[in-house]
Structures are given as structure tokens and as C-alpha cells.
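As C-alpha cells, the structure follows; a few thoughts come after it.
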Amino acid sequence: AQLHHDSVVAEADVVAAASPGLAERYRPGRPDLVLAPNGADPERFGTPQPRPGDLPDDGRPIAGYHGAIADWRFDWELFVGVAAALPEWWFVLVGPVDQRDTAQAERLGRLPNVLRLGERSLDTLPGYVQAFDVGTMWYPLNPVTEAAIPMKLYEYLAAGRPCVSTPLPACEAAGGVWTAGDVAGFVAALEAARAAAGTEEFAAAAAAETAGAAWPKRLEPIFEALEAAGLLRVSGGS
């Protein structure tokens, strides 16, 4: 599989990497590689939506997650430990479950303060994210996730929600994001992020982080590389 991957990278007319880590890995063989990090739709997630009726509304803070519930995206033990340490919080999971991880997901759903809502449409998803007190990311650290720049990072910030994540390189350098790799640290980060929500400092950090994250801006380097290679013609008029 790696041999096939390397041959595709070598023979492609244009190669783009979605993170600095991936760019560093492949640029020695492709000096013309372009960096085009993951982005988001800040306008969609920043436009106020009604609070979904299936979310808890009992005054307890919500640590929310949206996205696939799968082994490569979840440090199961960290999640269970944090949920157990914060019984006064709701932990809401919005997204489909990988069929290979059904047993783990069901285990999470048995916790008294965890609510699994399943997959929701893109049209209604911003309403859920906007209702979170803190957005969360539970990625285990491995060679795949260490090179990741998750879209949900920018979606949380665009919705005005602070984010707490495991210490992915992309998150440790991001404004409006707290990182922690163990239960005690994650608990403290959730409390700190919740306290910061709504402050001018957080709003400024989130705005700065999402300013260049819209997809048209992120994709510019790819379109420019395609045009330079004669594979795309970008016209400013008829």
C-alpha cells in the first residue's frame, strides 16, 4: 500500500498536503508540493440557529462533540475518565458510529451523563455546535492524528465555542483552544474554556483563527498549482 501511495505522489501533476506535518513528510520527494490545510464554512457555523429540541436544557454545561465516532478519532479511556470526573456536565456526541466500534460507542452511551444523538444533517448541525458550552476533540495521538488539522476545530470557533482537544500539534498552536492529554488536565481545560467563553479575549482569538479558514481561501494554493500546470483555467470574466 505504501509503495502504491509513493508512486501516486511521484507521478501526480499536483500534490497538496492538508497539514504542515504531511507537507514536511512528502516535500523532499515533491519540492513543488503545496500546503492546503483543512478549512471550514465559518458563515454556516457562525449564523445563529435555533437550539435543537433534543439537547439537554437543565442548566448543566454541555461538552459537545460532532463527527464520526470511531477508534482513530477517540481516546475511549480518556473520554470515560473525564465524563466520570464531571458528573455535573453533559457529554453530548453528535455523529455516526463506525460499525467496527459499536461496542465502544455503546459503552459510552451507558454513562449517565453521556448522550449519543446519532448523525444529524449539515443544515441542523450548526445549531447543535452553537448550543455546546465547549467543543471537544478526543483524538488519540498517533502518526495519523498528529498530522491532522480537524475541520471541527474551526467549526467550533466559528460558532463561538471554545475547544478542548488532546494535544494535536495543530491544536496546541491554535487560539481559542485548550489542550490536555490526561483526565485531570482535560477536566481543568474544560472548566477554563467554559470560563473563557464570551470574553473579548476568546472572541478575538477565535476570529483570528477562523479568518483564513474558509474553504475558498484554503483551496487557493491548489487552484494556483493546477493553473500553473496548465490543468485549470481561471477566468475573471467572459
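Please note that chains go A, B, ... in the order of the C-alpha cells, that every chain numbers its residues from 1, and that ligands are numbered from 1 in the order shown.
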
Quick one: residues within 8 Å of A:Ser19, only C-alpha atoms counted, chain neighbours fewer than 4 positions away excluded, as a PyMOL selection string? chain A and resi 23+35-38+147-149

May I have the selected residues written with C-alpha atoms, as a compact mmCIF listing (two decimals), in the first residue's frame?
```
# COMPACT_ATOMS: atom_id res chain seq x y z
CA ALA A 23 3.97 18.59 3.82
CA LEU A 35 0.12 23.25 1.53
CA ALA A 36 -3.69 23.47 1.68
CA PRO A 37 -4.86 22.86 5.24
CA ASN A 38 -8.36 21.73 6.12
CA ALA A 147 -0.62 15.35 11.15
CA ALA A 148 -4.32 16.19 11.28
CA ILE A 149 -6.00 19.59 11.23
```

May I have the residues within 9 Å of A:Thr124 as number ranges by chain, using only C-alpha atoms and disregarding those fewer than 2 positions away in the same chain? A: 49-50, 52, 120-122, 126-128

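Pairwise distance (atom CA of A:Trp90, atom CA of A:Gly175) equals 24.5 Å.
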
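Among the candidate residues A:Ala193, A:Gly95, A:Leu157, A:Pro216, the one lying nearest to A:Tyr65 is A:Gly95, with distances computed using only C-alpha atoms.
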
So which residues of stretch 39-106 of chain A fall under alpha helix (DSSP H) by DSSP, listed as a ChimeraX atom specification? /A:42-46,76-85,102-106

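Comparing the minimum interatomic distances between A:Phe45 and each of A:Ala174, A:Ala63, A:Leu231, A:Met151, counting only C-alpha atoms, we find that A:Met151 sits nearest.
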
Between atom CA of A:Gly53 and atom CA of A:Val92, measure the distance and give it in Å to one decimal. 13.4 Å

Spatial neighbours of A:Glu155, max dist 8 Å, only C-alpha atoms, sep filter under 4 positions, as an mmCIF file with all heavy atoms, in the first residue's frame:
```
data_model
loop_
_atom_site.group_PDB
_atom_site.id
_atom_site.type_symbol
_atom_site.label_atom_id
_atom_site.label_comp_id
_atom_site.auth_asym_id
_atom_site.auth_seq_id
_atom_site.Cartn_x
_atom_site.Cartn_y
_atom_site.Cartn_z
ATOM 1 N N ALA A 40 -13.131 25.209 6.794
ATOM 2 C CA ALA A 40 -14.495 25.064 7.295
ATOM 3 C C ALA A 40 -15.378 26.065 6.550
ATOM 4 O O ALA A 40 -14.921 26.771 5.637
ATOM 5 C CB ALA A 40 -14.547 25.299 8.795
ATOM 6 N N ASP A 41 -16.628 26.114 6.964
ATOM 7 C CA ASP A 41 -17.581 27.088 6.438
ATOM 8 C C ASP A 41 -17.970 27.996 7.596
ATOM 9 O O ASP A 41 -18.998 27.781 8.250
ATOM 10 C CB ASP A 41 -18.808 26.366 5.873
ATOM 11 C CG ASP A 41 -19.772 27.300 5.152
ATOM 12 O OD1 ASP A 41 -19.677 28.527 5.379
ATOM 13 O OD2 ASP A 41 -20.624 26.817 4.395
ATOM 14 N N PRO A 42 -17.143 29.003 7.910
ATOM 15 C CA PRO A 42 -17.406 29.845 9.079
ATOM 16 C C PRO A 42 -18.768 30.525 9.054
ATOM 17 O O PRO A 42 -19.393 30.701 10.105
ATOM 18 C CB PRO A 42 -16.270 30.878 9.042
ATOM 19 C CG PRO A 42 -15.177 30.215 8.276
ATOM 20 C CD PRO A 42 -15.882 29.394 7.237
ATOM 21 N N PHE A 45 -21.495 28.025 10.260
ATOM 22 C CA PHE A 45 -21.460 27.726 11.684
ATOM 23 C C PHE A 45 -21.581 28.980 12.554
ATOM 24 O O PHE A 45 -21.910 28.874 13.732
ATOM 25 C CB PHE A 45 -20.194 26.943 12.026
ATOM 26 C CG PHE A 45 -20.304 25.497 11.672
ATOM 27 C CD1 PHE A 45 -20.046 25.058 10.381
ATOM 28 C CD2 PHE A 45 -20.698 24.563 12.619
ATOM 29 C CE1 PHE A 45 -20.182 23.719 10.037
ATOM 30 C CE2 PHE A 45 -20.837 23.227 12.294
ATOM 31 C CZ PHE A 45 -20.585 22.804 11.000
ATOM 32 N N VAL A 129 -23.807 22.656 17.530
ATOM 33 C CA VAL A 129 -22.498 23.170 17.926
ATOM 34 C C VAL A 129 -22.644 24.476 18.697
ATOM 35 O O VAL A 129 -21.961 24.704 19.705
ATOM 36 C CB VAL A 129 -21.600 23.353 16.689
ATOM 37 C CG1 VAL A 129 -20.268 23.969 17.072
ATOM 38 C CG2 VAL A 129 -21.373 21.999 16.001
ATOM 39 N N MET A 151 -11.437 19.677 10.788
ATOM 40 C CA MET A 151 -12.366 20.738 10.396
ATOM 41 C C MET A 151 -13.167 21.238 11.595
ATOM 42 O O MET A 151 -13.484 22.430 11.692
ATOM 43 C CB MET A 151 -13.315 20.232 9.310
ATOM 44 C CG MET A 151 -12.665 20.039 7.959
ATOM 45 S SD MET A 151 -13.857 19.603 6.657
ATOM 46 C CE MET A 151 -14.354 17.975 7.198
ATOM 47 N N ALA A 159 -18.529 28.990 15.510
ATOM 48 C CA ALA A 159 -19.793 29.021 16.242
ATOM 49 C C ALA A 159 -19.680 29.756 17.571
ATOM 50 O O ALA A 159 -20.656 29.868 18.311
ATOM 51 C CB ALA A 159 -20.281 27.587 16.491
#
```

Once DSSP has gone over the backbone, tell me which residues of stretch 10-227 of chain A are in strand (DSSP E), as an MDAnalysis selection string. chainID A and resid 16:17 34:35 62:66 90:94 114:118 134:137 163:165 177:179

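If you count only C-alpha atoms and ignore residues fewer than 2 places along the chain from A:Leu141, what sits within 8 Å of it is Tyr139, Pro143, Val144, Thr145, Glu146, Thr166, Pro167 and Leu168 of chain A.
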
Requested write-out: N, CA and C atoms of the selected residues, as a CSV table (one decimal), in the first residue's frame:
```
chain,number,residue,atom,x,y,z
A,139,TYR,N,-9.1,12.9,20.0
A,139,TYR,CA,-8.2,12.1,19.1
A,139,TYR,C,-7.1,11.5,19.9
A,143,PRO,N,0.6,8.6,14.4
A,143,PRO,CA,1.2,9.3,13.3
A,143,PRO,C,0.1,9.9,12.4
A,144,VAL,N,-1.1,9.3,12.3
A,144,VAL,CA,-2.2,9.9,11.5
A,144,VAL,C,-2.7,11.1,12.1
A,145,THR,N,-3.1,11.1,13.4
A,145,THR,CA,-3.7,12.2,14.0
A,145,THR,C,-2.8,13.4,14.3
A,146,GLU,N,-1.5,13.0,14.5
A,146,GLU,CA,-0.5,14.1,14.7
A,146,GLU,C,-0.3,15.0,13.5
A,166,THR,N,-7.2,16.9,22.8
A,166,THR,CA,-5.9,16.2,23.1
A,166,THR,C,-4.8,17.0,22.4
A,167,PRO,N,-3.6,16.9,22.8
A,167,PRO,CA,-2.5,17.8,22.3
A,167,PRO,C,-2.0,17.5,20.9
A,168,LEU,N,-3.0,17.6,19.9
A,168,LEU,CA,-2.6,17.6,18.5
A,168,LEU,C,-1.7,18.8,18.2
```

Residue among A:Phe79, A:Arg30, A:Thr210, A:Ile222 lying closest to A:Asp6, counting only C-alpha atoms: A:Arg30

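Comparing the minimum interatomic distances between A:Val80 and each of A:Val14, A:Ala203, A:Ala228, A:Ala105, counting only C-alpha atoms, we find that A:Ala105 sits nearest.
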
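Picture a line from atom CA of A:Leu93 to atom CA of A:Asp58; it runs 17.2 Å.
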